[in-house]
$ cat work30.cif   # mmCIF, C-alpha atoms
data_work
loop_
_atom_site.label_atom_id
_atom_site.label_comp_id
_atom_site.auth_asym_id
_atom_site.auth_seq_id
_atom_site.Cartn_x
_atom_site.Cartn_y
_atom_site.Cartn_z
CA MET A 1 10.09 33.18 9.12
CA MET A 2 7.57 31.94 11.60
CA LYS A 3 4.75 33.84 9.93
CA LEU A 4 5.79 32.41 6.59
CA ALA A 5 5.74 28.90 8.05
CA ILE A 6 2.25 29.37 9.44
CA LEU A 7 1.03 30.83 6.16
CA PHE A 8 2.50 27.88 4.30
CA PHE A 9 0.88 25.45 6.69
CA ILE A 10 -2.55 27.04 6.30
CA LEU A 11 -2.19 26.98 2.52
CA LEU A 12 -1.32 23.29 2.59
CA LEU A 13 -4.29 22.60 4.84
CA ALA A 14 -6.71 24.38 2.50
CA PRO A 15 -9.07 21.71 1.13
CA VAL A 16 -8.55 22.60 -2.53
CA ILE A 17 -4.76 22.43 -2.33
CA ARG A 18 -4.76 19.43 -0.05
CA GLU A 19 -7.07 17.39 -2.26
CA SER A 20 -5.38 18.25 -5.51
CA LEU A 21 -1.93 17.40 -4.12
CA GLU A 22 -3.19 14.12 -2.75
CA SER A 23 -4.98 13.08 -5.92
CA VAL A 24 -1.69 12.43 -7.71
CA MET A 25 0.72 10.03 -6.06
CA VAL A 26 3.91 11.76 -7.12
CA LEU A 27 2.63 15.15 -5.90
CA HIS A 28 1.52 13.64 -2.63
CA MET A 29 4.89 12.02 -2.05
CA PHE A 30 7.33 14.53 -3.50
CA LEU A 31 5.53 17.83 -3.09
CA GLN A 32 3.09 17.74 -0.20
CA LEU A 33 5.34 15.78 2.15
CA PRO A 34 8.48 17.87 1.48
CA LEU A 35 6.48 21.10 1.80
CA LEU A 36 5.18 20.00 5.18
CA ILE A 37 8.76 19.27 6.22
CA LEU A 38 9.71 22.73 4.95
CA VAL A 39 7.04 24.22 7.23
CA GLY A 40 8.91 22.74 10.18
CA VAL A 41 12.27 24.00 8.94
CA LEU A 42 10.88 27.51 8.50
CA LEU A 43 9.22 27.36 11.88
CA HIS A 44 12.54 26.58 13.49
CA GLY A 45 14.31 29.40 11.66
CA ASN A 46 17.61 30.53 13.09
CA ARG A 47 16.42 30.74 16.67
CA ASN A 48 18.16 28.90 19.47
CA TRP A 49 15.47 26.89 21.12
CA ARG A 50 16.54 26.79 24.78
CA PHE A 51 14.55 23.68 25.54
CA LEU A 52 16.28 21.73 22.81
CA GLU A 53 19.72 22.96 23.85
CA LYS A 54 19.28 20.91 26.94
CA TRP A 55 17.43 17.89 25.54
CA ASN A 56 18.93 17.72 22.09
CA ASP A 57 22.43 18.91 22.86
CA ASN A 58 24.30 16.57 20.51
CA GLY A 59 21.45 16.33 17.99
CA VAL A 60 21.24 12.55 18.13
CA ALA A 61 17.83 12.27 19.78
CA GLY A 62 16.25 14.80 17.43
CA MET A 63 17.78 13.21 14.38
CA LEU A 64 16.67 9.70 15.36
CA LEU A 65 13.10 10.88 15.77
CA ALA A 66 13.20 12.84 12.52
CA VAL A 67 14.59 9.88 10.55
CA GLY A 68 12.07 7.57 12.21
CA VAL A 69 9.22 9.79 11.06
CA LEU A 70 10.68 10.02 7.56
CA ILE A 71 10.97 6.25 7.22
CA PHE A 72 7.42 5.90 8.51
CA TRP A 73 6.16 8.09 5.66
CA MET A 74 8.07 6.02 3.13
CA LEU A 75 6.11 2.89 3.99
CA PRO A 76 3.66 2.45 1.10
CA ARG A 77 0.91 1.83 3.58
CA SER A 78 1.21 5.17 5.37
CA LEU A 79 0.48 7.11 2.21
CA ASP A 80 -2.52 4.91 1.44
CA ASP A 81 -3.92 5.12 4.95
CA ALA A 82 -3.53 8.90 5.04
CA LEU A 83 -6.10 9.02 2.24
CA THR A 84 -8.61 6.76 3.92
CA GLU A 85 -8.10 7.33 7.64
CA ILE A 86 -8.47 10.76 9.20
CA GLU A 87 -6.20 9.92 12.15
CA LEU A 88 -3.29 9.29 9.84
CA GLU A 89 -4.02 12.43 7.85
CA ILE A 90 -3.87 14.46 11.07
CA TRP A 91 -0.70 12.65 12.08
CA LYS A 92 0.80 13.54 8.71
CA PHE A 93 0.18 17.24 9.19
CA ALA A 94 1.63 17.08 12.72
CA SER A 95 4.58 14.74 12.30
CA LEU A 96 6.12 16.15 9.14
CA PRO A 97 6.52 19.75 10.37
CA LEU A 98 7.97 18.22 13.55
CA LEU A 99 10.39 16.26 11.38
CA GLY A 100 11.53 19.44 9.63
CA PHE A 101 11.86 21.26 12.92
CA LEU A 102 13.95 18.53 14.51
CA TRP A 103 16.03 18.06 11.39
CA LYS A 104 16.91 21.75 11.28
CA ASN A 105 17.73 21.71 14.96
CA SER A 106 19.84 18.55 14.84
CA TRP A 107 21.73 18.63 11.55
CA ARG A 108 24.28 21.25 12.73
CA LYS A 109 24.85 19.43 15.98
CA ILE A 110 25.49 15.89 14.83
CA GLY A 111 28.95 14.64 13.94
CA GLY A 112 30.39 13.89 10.53
CA ILE A 113 30.12 10.11 10.85
CA PHE A 114 26.41 10.32 11.66
CA LYS A 115 25.93 12.64 8.71
CA SER A 116 27.75 10.28 6.36
CA PHE A 117 25.74 7.38 7.70
CA LEU A 118 22.47 9.20 7.04
CA TYR A 119 23.61 10.14 3.55
CA ILE A 120 24.52 6.59 2.58
CA ASN A 121 21.43 5.24 4.32
CA PHE A 122 19.09 7.45 2.31
CA LEU A 123 20.99 6.72 -0.87
CA SER A 124 20.44 2.98 -0.47
CA MET A 125 16.91 3.37 0.83
CA PHE A 126 15.83 5.51 -2.11
CA GLY A 127 17.49 2.98 -4.40
CA LEU A 128 15.52 0.16 -2.83
CA LEU A 129 12.26 2.10 -3.11
CA ALA A 130 13.00 3.00 -6.75
CA TRP A 131 13.56 -0.67 -7.50
CA LEU A 132 10.39 -1.61 -5.62
CA TYR A 133 8.14 0.92 -7.34
CA LEU A 134 9.59 0.45 -10.82
CA GLY A 135 10.01 -3.29 -10.76
CA THR A 136 6.84 -4.66 -9.27
CA PRO A 137 3.88 -5.58 -11.47
CA VAL A 138 1.45 -5.43 -8.54
CA GLN A 139 -0.20 -2.36 -7.21
CA ILE A 140 1.53 -1.33 -3.99
CA CYS A 141 -0.78 1.51 -3.09
CA ASN A 142 -4.45 0.62 -3.38
CA ASN A 143 -5.52 4.20 -3.94
CA TYR A 144 -3.21 4.98 -6.84
CA LEU A 145 -2.82 3.55 -10.33
CA ILE A 146 0.16 1.41 -11.28
CA ASN A 147 1.56 3.94 -13.74
CA GLU A 148 1.62 6.54 -10.96
CA GLN A 149 3.72 4.10 -9.00
CA HIS A 150 6.20 4.00 -11.86
CA ILE A 151 6.48 7.79 -11.87
CA VAL A 152 7.23 7.75 -8.15
CA GLY A 153 9.83 5.05 -8.78
CA ALA A 154 11.43 7.19 -11.48
CA VAL A 155 11.62 10.19 -9.14
CA TYR A 156 13.26 8.01 -6.50
CA LEU A 157 15.73 6.78 -9.08
CA SER A 158 16.60 10.30 -10.19
CA SER A 159 17.14 11.38 -6.60
CA VAL A 160 19.50 8.41 -6.16
CA LEU A 161 21.46 9.57 -9.20
CA VAL A 162 21.67 13.14 -7.88
CA LEU A 163 22.79 11.94 -4.45
CA LEU A 164 25.34 9.63 -6.06
CA LEU A 165 26.78 12.31 -8.33
CA ASN A 166 27.00 14.69 -5.39
CA LEU A 167 28.80 12.03 -3.37
CA LEU A 168 31.27 11.40 -6.18
CA TYR A 169 31.82 15.12 -6.52
CA ILE A 170 32.50 15.49 -2.79
CA VAL A 171 34.90 12.53 -2.68
CA PHE A 172 36.82 12.93 -5.91
CA PHE A 173 36.74 16.63 -6.65
CA ARG A 174 36.36 18.56 -3.45
CA GLY A 175 37.98 15.90 -1.27
CA LEU A 176 41.05 15.44 -3.44
CA GLY A 177 41.28 19.19 -4.00
CA GLU A 178 41.31 19.86 -0.30
CA GLU A 179 43.90 17.18 0.23
CA ALA A 180 46.14 18.67 -2.42
CA GLU A 181 46.03 22.01 -0.65
CA MET B 1 26.52 16.16 33.67
CA THR B 2 22.77 16.78 33.70
CA LYS B 3 22.93 17.78 30.06
CA LYS B 4 24.48 14.44 29.21
CA TRP B 5 21.70 12.61 31.03
CA CYS B 6 19.02 14.70 29.39
CA ASN B 7 20.51 13.72 26.06
CA ARG B 8 20.52 10.06 26.88
CA ILE B 9 16.94 10.12 28.10
CA ALA B 10 15.90 12.01 24.97
CA ILE B 11 17.61 9.41 22.76
CA ILE B 12 15.83 6.55 24.51
CA VAL B 13 12.49 8.37 24.30
CA SER B 14 13.11 9.01 20.59
CA ILE B 15 13.83 5.36 19.89
CA ILE B 16 10.75 4.24 21.82
CA LEU B 17 8.56 6.74 19.98
CA VAL B 18 9.88 5.63 16.59
CA VAL B 19 9.43 1.92 17.26
CA TRP B 20 5.96 2.56 18.68
CA MET B 21 5.00 4.62 15.62
CA TRP B 22 6.19 1.91 13.23
CA PHE B 23 4.47 -0.75 15.32
CA ILE B 24 1.11 1.03 15.25
CA GLY B 25 1.41 1.98 11.58
CA THR B 26 2.09 -1.58 10.43
CA ASP B 27 -0.28 -3.44 12.79
CA GLY B 28 2.61 -4.83 14.78
CA PHE B 29 5.02 -5.20 11.84
CA THR B 30 2.61 -7.50 10.00
CA ALA B 31 1.28 -5.24 7.25
CA PHE B 32 3.53 -2.85 5.35
CA THR B 33 1.08 -2.18 2.55
CA ALA B 34 -2.58 -1.26 2.74
CA GLU B 35 -3.32 -4.41 0.74
CA THR B 36 -1.88 -6.73 3.40
CA ALA B 37 -3.73 -4.79 6.08
CA ARG B 38 -6.93 -5.19 4.09
CA LYS B 39 -6.46 -8.96 3.76
CA ASN B 40 -5.64 -9.38 7.44
CA ASN B 41 -8.71 -7.37 8.36
CA LEU B 42 -10.99 -9.41 6.05
CA ILE B 43 -9.74 -12.72 7.44
CA GLU B 44 -10.43 -11.41 10.90
CA THR B 45 -13.93 -10.03 10.30
CA LYS B 46 -15.15 -12.72 7.84
CA PRO B 47 -17.84 -10.66 6.05
CA LYS B 48 -20.87 -12.36 4.51
CA PHE B 49 -21.17 -12.47 0.74
CA PRO B 50 -23.97 -9.93 0.17
CA GLU B 51 -27.21 -10.85 -1.53
CA VAL B 52 -26.50 -9.87 -5.09
CA ILE B 53 -27.81 -11.25 -8.35
CA LEU B 54 -25.22 -12.87 -10.57
CA GLU B 55 -25.65 -13.40 -14.28
CA ASP B 56 -23.30 -16.00 -15.72
CA SER B 57 -21.95 -16.79 -19.17
CA LYS B 58 -24.94 -19.04 -19.87
CA GLU B 59 -27.33 -16.17 -19.05
CA ARG B 60 -28.54 -17.86 -15.89
CA THR B 61 -29.27 -15.60 -12.93
CA TYR B 62 -29.00 -16.60 -9.30
CA THR B 63 -27.68 -15.44 -5.95
CA MET B 64 -25.06 -17.11 -3.78
CA GLU B 65 -27.92 -19.15 -2.28
CA ALA B 66 -27.52 -21.37 -5.33
CA PHE B 67 -24.19 -22.51 -3.93
CA ARG B 68 -25.35 -23.07 -0.38
CA GLY B 69 -23.65 -26.14 1.03
CA LYS B 70 -20.69 -25.67 -1.26
CA ASN B 71 -17.53 -23.68 -0.78
CA VAL B 72 -16.92 -21.04 -3.42
CA PHE B 73 -13.51 -19.94 -4.61
CA ILE B 74 -13.66 -16.49 -6.19
CA THR B 75 -11.64 -14.03 -8.25
CA PHE B 76 -12.55 -10.54 -9.42
CA VAL B 77 -11.61 -9.44 -12.95
CA TYR B 78 -12.70 -7.53 -16.02
CA THR B 79 -12.21 -9.23 -19.35
CA ALA B 80 -10.74 -6.24 -21.21
CA CYS B 81 -7.84 -6.28 -18.74
CA THR B 82 -4.50 -7.11 -20.30
CA THR B 83 -2.18 -7.07 -17.31
CA VAL B 84 -3.00 -8.71 -14.01
CA CYS B 85 -6.32 -10.43 -14.80
CA PRO B 86 -5.02 -12.95 -17.37
CA GLU B 87 -2.29 -13.95 -14.94
CA LEU B 88 -4.82 -14.14 -12.14
CA GLU B 89 -7.10 -16.38 -14.22
CA ARG B 90 -4.26 -18.58 -15.46
CA ASN B 91 -3.22 -19.16 -11.85
CA PHE B 92 -6.87 -19.73 -10.94
CA ALA B 93 -7.03 -22.40 -13.66
CA GLU B 94 -3.92 -24.04 -12.24
CA VAL B 95 -5.47 -24.18 -8.79
CA TYR B 96 -8.59 -25.67 -10.40
CA GLN B 97 -6.53 -28.40 -12.01
CA SER B 98 -4.67 -29.17 -8.82
CA ILE B 99 -7.85 -29.90 -6.81
CA PRO B 100 -8.88 -33.60 -6.73
CA PRO B 101 -11.74 -33.97 -9.27
CA SER B 102 -14.03 -35.57 -6.70
CA TYR B 103 -14.25 -32.27 -4.84
CA ILE B 104 -14.91 -30.13 -7.88
CA GLY B 105 -18.56 -29.22 -8.24
CA GLU B 106 -19.48 -31.21 -5.14
CA GLU B 107 -17.61 -29.43 -2.39
CA LEU B 108 -16.15 -26.54 -4.29
CA ILE B 109 -17.29 -24.17 -7.01
CA PHE B 110 -14.95 -21.80 -8.84
CA LEU B 111 -16.41 -18.42 -9.64
CA THR B 112 -14.94 -15.54 -11.60
CA ILE B 113 -16.81 -12.29 -11.04
CA SER B 114 -16.52 -9.39 -13.45
CA PHE B 115 -16.67 -5.88 -12.03
CA ASP B 116 -17.22 -4.42 -15.49
CA PRO B 117 -20.87 -5.38 -16.15
CA GLU B 118 -21.24 -2.94 -19.03
CA ARG B 119 -18.75 -4.64 -21.31
CA ASP B 120 -18.76 -8.12 -19.81
CA ASP B 121 -22.12 -9.38 -21.02
CA PRO B 122 -22.80 -13.14 -21.06
CA GLU B 123 -21.44 -13.41 -24.59
CA THR B 124 -18.11 -11.81 -23.68
CA LEU B 125 -17.91 -13.93 -20.57
CA GLU B 126 -18.57 -17.02 -22.67
CA ASN B 127 -15.55 -16.20 -24.85
CA TYR B 128 -13.45 -15.49 -21.82
CA ARG B 129 -14.55 -18.76 -20.26
CA GLN B 130 -13.45 -20.74 -23.31
CA TYR B 131 -10.13 -18.96 -23.38
CA PHE B 132 -9.33 -20.26 -19.92
CA HIS B 133 -10.91 -23.71 -20.53
CA SER B 134 -13.45 -23.24 -17.76
CA ASP B 135 -16.45 -25.55 -18.11
CA GLY B 136 -19.03 -22.91 -17.16
CA GLU B 137 -20.50 -25.24 -14.55
CA THR B 138 -17.98 -26.01 -11.83
CA TRP B 139 -16.02 -22.92 -12.81
CA ARG B 140 -18.47 -20.19 -13.66
CA MET B 141 -17.94 -16.71 -14.92
CA ALA B 142 -20.52 -14.11 -14.00
CA ARG B 143 -21.21 -10.43 -13.84
CA ILE B 144 -23.34 -8.47 -11.40
CA PRO B 145 -25.61 -6.40 -13.66
CA ASP B 146 -26.83 -4.08 -10.91
CA GLN B 147 -24.21 -1.41 -10.19
CA LEU B 148 -25.32 -0.84 -6.59
CA GLN B 149 -25.21 -4.53 -5.81
CA LEU B 150 -21.81 -4.80 -7.43
CA GLU B 151 -20.50 -1.97 -5.30
CA SER B 152 -21.90 -3.52 -2.13
CA LEU B 153 -19.96 -6.70 -2.89
CA LEU B 154 -16.72 -4.93 -3.79
CA ASP B 155 -17.09 -2.89 -0.64
CA ALA B 156 -17.71 -5.88 1.61
CA PHE B 157 -14.78 -7.81 0.19
CA GLY B 158 -12.47 -4.80 0.04
CA VAL B 159 -11.94 -4.95 -3.72
CA ILE B 160 -10.73 -1.52 -4.78
CA VAL B 161 -11.41 -0.70 -8.43
CA ILE B 162 -10.26 2.63 -9.89
CA PRO B 163 -11.05 3.48 -13.52
CA ASP B 164 -7.93 4.58 -15.39
CA LYS B 165 -7.66 6.82 -18.42
CA TYR B 166 -7.27 3.96 -20.91
CA ASP B 167 -10.82 2.64 -20.35
CA GLY B 168 -9.47 0.08 -17.94
CA PHE B 169 -9.23 -0.30 -14.20
CA SER B 170 -6.55 -0.48 -11.57
CA HIS B 171 -7.54 -3.06 -9.00
CA ASN B 172 -6.17 -5.31 -6.33
CA SER B 173 -6.19 -9.05 -6.92
CA ALA B 174 -6.48 -12.12 -4.73
CA PHE B 175 -8.23 -15.48 -4.36
CA TYR B 176 -11.26 -15.37 -2.06
CA PHE B 177 -12.47 -18.45 -0.23
CA VAL B 178 -16.15 -18.30 0.76
CA ASN B 179 -17.41 -21.13 2.96
CA LYS B 180 -20.58 -23.21 2.76
CA ASP B 181 -22.56 -20.66 4.76
CA GLY B 182 -21.59 -17.81 2.47
CA TYR B 183 -18.99 -16.16 4.69
CA LEU B 184 -15.60 -15.06 3.44
CA GLU B 185 -13.09 -17.21 5.20
CA ASN B 186 -9.74 -16.47 3.64
CA VAL B 187 -8.02 -14.19 1.16
CA LEU B 188 -5.06 -15.83 -0.58
CA ASP B 189 -2.10 -14.60 -2.54
CA TYR B 190 -2.93 -15.21 -6.21
CA THR B 191 0.73 -15.51 -7.18
CA ASP B 192 1.34 -18.48 -4.89
CA ILE B 193 -0.59 -21.26 -6.64
CA LYS B 194 0.85 -24.04 -4.52
CA ALA B 195 -0.05 -22.40 -1.21
CA ALA B 196 -3.56 -21.61 -2.47
CA SER B 197 -4.25 -25.14 -3.63
CA GLU B 198 -2.80 -26.65 -0.45
CA TYR B 199 -5.01 -24.39 1.62
CA VAL B 200 -8.16 -25.28 -0.34
CA VAL B 201 -7.50 -29.03 -0.35
CA GLY B 202 -6.63 -28.99 3.36
CA ARG B 203 -9.74 -27.01 4.08
CA LEU B 204 -11.98 -29.42 2.15
CA GLU B 205 -10.39 -32.49 3.75
CA ARG B 206 -11.07 -31.10 7.20
CA GLU B 207 -14.73 -30.67 6.35
CA ILE B 208 -15.38 -34.24 5.28
#

$ encode --input "work30.cif" --output "structure tokens"
Amino acid sequence: MMKLAILFFILLLAPVIRESLESVMVLHMFLQLPLLILVGVLLHGNRNWRFLEKWNDNGVAGMLLAVGVLIFWMLPRSLDDALTEIELEIWKFASLPLLGFLWKNSWRKIGGIFKSFLYINFLSMFGLLAWLYLGTPVQICNNYLINEQHIVGAVYLSSVLVLLLNLLYIVFFRGLGEEAE
Amino acid sequence: MTKKWCNRIAIIVSIILVVWMWFIGTDGFTAFTAETARKNNLIETKPKFPEVILEDSKERTYTMEAFRGKNVFITFVYTACTTVCPELERNFAEVYQSIPPSYIGEELIFLTISFDPERDDPETLENYRQYFHSDGETWRMARIPDQLQLESLLDAFGVIVIPDKYDGFSHNSAFYFVNKDGYLENVLDYTDIKAASEYVVGRLEREI
């Protein structure tokens, strides 16, 4: 797992792959960023990290940091600056694997209410971003064209729909089924 | 017991790290898009309008020296643009109309600069000028024929122009206020006509 993570990371760092992913907004946002998060998840694997057993016992601290990083990378500016400023590009390649790592470590530990909160929070946040990217006539990211913005908005909107359908399924089908039993 | 405390400390550290990261990334919660950051930075550094040769709709050529002693209010467009530019120029015209006539031409010149010199020759600019009822004197429309000079200006004023696949450009838009000495003094939101005209009038009144 760890070797796979490192291999993945090196591949993503390779100039050719890096530049081609970053040249298209939707690939940058919905392929490069998630893959970097995946690197962190793979790196964590199924090991019990002793250090985090002590410091991230209930998963709250790790989850807060992970969500904080995720929200940071959803700010339109972060994506723009990663293209023009090397510091932010480095931070991207460091913070996103960390996010994945912490997420993997924390998700099992946190309670149901926190999980539900995160779910609803991301549902509404993606909805807001979809509305922002689809609705605005102005260019939000200086380095990408407006029609690329619309594609990103559409992807956000589809992920909202998927999350919503999944939620409805959990509540009305699985939830009611379990209750009947 | 110690585990509980470790957890609490970790939570506090996490929150501090997150807030700090957001704070740094948005210049202290003031700029959430690169465009706002760009404007804030320009207003802070006040770059000089570079020495470039303009060619206007009446085929006259000059540099910004021609406007020395006058403030210049500027927009950047290309005439083939069908989306933002017409709106930008309509709003520009409204600001023009809202300025007391005694200032126009004396204290303040309006200038529309095209970043598409290949297509926007004086003849095209002349048509564009008439379309927006600019007089060609106190509101001039000009191109910068030399590509290198054009780029130096766009660079200095942070205008980002990306060619798209439909023979057009994606670009950021704003009103630029250049003072009597040729330094950029403010970058204004082109969608807020009232605020722009209040700023310009206030600025001119202070000077007299």

$ resolve_selection --input "work30.cif" --expression "the PyMOL selection byres ((chain B) within 10 of (chain A))" --output "ChimeraX atom specification"
/B:2-19,21-23,25-26,31-38,83-84,159-165,169-173

$ write_last_selection --input "work30.cif" --atoms "C-alpha atoms" --output "compact mmCIF listing (two decimals), in the coordinates of the input"
# COMPACT_ATOMS: atom_id res chain seq x y z
CA THR B 2 22.77 16.78 33.70
CA LYS B 3 22.93 17.78 30.06
CA LYS B 4 24.48 14.44 29.21
CA TRP B 5 21.70 12.61 31.03
CA CYS B 6 19.02 14.70 29.39
CA ASN B 7 20.51 13.72 26.06
CA ARG B 8 20.52 10.06 26.88
CA ILE B 9 16.94 10.12 28.10
CA ALA B 10 15.90 12.01 24.97
CA ILE B 11 17.61 9.41 22.76
CA ILE B 12 15.83 6.55 24.51
CA VAL B 13 12.49 8.37 24.30
CA SER B 14 13.11 9.01 20.59
CA ILE B 15 13.83 5.36 19.89
CA ILE B 16 10.75 4.24 21.82
CA LEU B 17 8.56 6.74 19.98
CA VAL B 18 9.88 5.63 16.59
CA VAL B 19 9.43 1.92 17.26
CA MET B 21 5.00 4.62 15.62
CA TRP B 22 6.19 1.91 13.23
CA PHE B 23 4.47 -0.75 15.32
CA GLY B 25 1.41 1.98 11.58
CA THR B 26 2.09 -1.58 10.43
CA ALA B 31 1.28 -5.24 7.25
CA PHE B 32 3.53 -2.85 5.35
CA THR B 33 1.08 -2.18 2.55
CA ALA B 34 -2.58 -1.26 2.74
CA GLU B 35 -3.32 -4.41 0.74
CA THR B 36 -1.88 -6.73 3.40
CA ALA B 37 -3.73 -4.79 6.08
CA ARG B 38 -6.93 -5.19 4.09
CA THR B 83 -2.18 -7.07 -17.31
CA VAL B 84 -3.00 -8.71 -14.01
CA VAL B 159 -11.94 -4.95 -3.72
CA ILE B 160 -10.73 -1.52 -4.78
CA VAL B 161 -11.41 -0.70 -8.43
CA ILE B 162 -10.26 2.63 -9.89
CA PRO B 163 -11.05 3.48 -13.52
CA ASP B 164 -7.93 4.58 -15.39
CA LYS B 165 -7.66 6.82 -18.42
CA PHE B 169 -9.23 -0.30 -14.20
CA SER B 170 -6.55 -0.48 -11.57
CA HIS B 171 -7.54 -3.06 -9.00
CA ASN B 172 -6.17 -5.31 -6.33
CA SER B 173 -6.19 -9.05 -6.92

$ atom_distance --input "work30.cif" --atom1 "atom CA of B:Leu204" --atom2 "atom CA of B:Lys58"
27.6 Å

$ atom_distance --input "work30.cif" --atom1 "atom CA of B:Asp116" --atom2 "atom CA of B:Thr79"
7.9 Å

$ atom_distance --input "work30.cif" --atom1 "atom CA of A:Asn105" --atom2 "atom CA of A:Ser158"
27.6 Å

$ resolve_selection --input "work30.cif" --expression "the PyMOL selection byres ((chain A and resi 26) around 7)" --output "ChimeraX atom specification"
/A:24-25,27-30,148,151-152

$ residues_around --input "work30.cif" --residues "B:Glu94" --least-positions-apart "6" --cutoff "12 Å" --atoms "all atoms listed in the file" --output "list in words"
Glu87, Leu88, Phe110, Phe132, His133, Ser134, Tyr190, Thr191, Asp192, Ile193, Lys194, Ala195, Ala196 and Ser197 of chain B

$ closest_residue --input "work30.cif" --among "A:Ile37, A:Leu43, A:Leu31, A:Met125" --to "A:Met2" --atoms "all atoms listed in the file"
A:Leu43

$ resolve_selection --input "work30.cif" --expression "the PyMOL selection byres ((chain B and resi 107) around 10)" --output "count of residues only"
18

$ decode --input "work30.cif" --residues "stretch 14-19 of chain B" --atoms "all heavy atoms" --output "CSV table (one decimal), in the first residue's frame"
chain,number,residue,atom,x,y,z
B,14,SER,N,-5.5,22.0,15.9
B,14,SER,CA,-6.1,21.8,14.6
B,14,SER,C,-6.8,23.1,14.2
B,14,SER,O,-6.7,23.6,13.1
B,14,SER,CB,-7.1,20.7,14.6
B,14,SER,OG,-6.4,19.5,14.4
B,15,ILE,N,-7.6,23.6,15.1
B,15,ILE,CA,-8.4,24.8,14.8
B,15,ILE,C,-7.5,26.0,14.5
B,15,ILE,O,-7.7,26.7,13.5
B,15,ILE,CB,-9.4,25.1,16.0
B,15,ILE,CG1,-10.5,24.0,16.1
B,15,ILE,CG2,-10.1,26.5,15.8
B,15,ILE,CD1,-11.3,24.1,17.3
B,16,ILE,N,-6.5,26.1,15.3
B,16,ILE,CA,-5.5,27.2,15.1
B,16,ILE,C,-4.9,27.1,13.7
B,16,ILE,O,-4.8,28.1,12.9
B,16,ILE,CB,-4.5,27.3,16.2
B,16,ILE,CG1,-5.1,27.7,17.5
B,16,ILE,CG2,-3.4,28.3,15.8
B,16,ILE,CD1,-4.2,27.6,18.7
B,17,LEU,N,-4.5,25.9,13.4
B,17,LEU,CA,-3.8,25.7,12.1
B,17,LEU,C,-4.8,26.0,10.9
B,17,LEU,O,-4.4,26.6,9.9
B,17,LEU,CB,-3.4,24.2,11.9
B,17,LEU,CG,-2.0,23.8,12.6
B,17,LEU,CD1,-1.8,22.3,12.5
B,17,LEU,CD2,-0.9,24.6,12.0
B,18,VAL,N,-6.0,25.6,11.1
B,18,VAL,CA,-7.0,25.8,10.0
B,18,VAL,C,-7.2,27.3,9.8
B,18,VAL,O,-7.2,27.8,8.7
B,18,VAL,CB,-8.3,25.1,10.3
B,18,VAL,CG1,-9.4,25.5,9.3
B,18,VAL,CG2,-8.1,23.6,10.1
B,19,VAL,N,-7.5,28.0,10.9
B,19,VAL,CA,-7.8,29.4,10.8
B,19,VAL,C,-6.6,30.2,10.3
B,19,VAL,O,-6.7,31.0,9.4
B,19,VAL,CB,-8.2,30.0,12.2
B,19,VAL,CG1,-8.3,31.5,12.1
B,19,VAL,CG2,-9.5,29.4,12.7
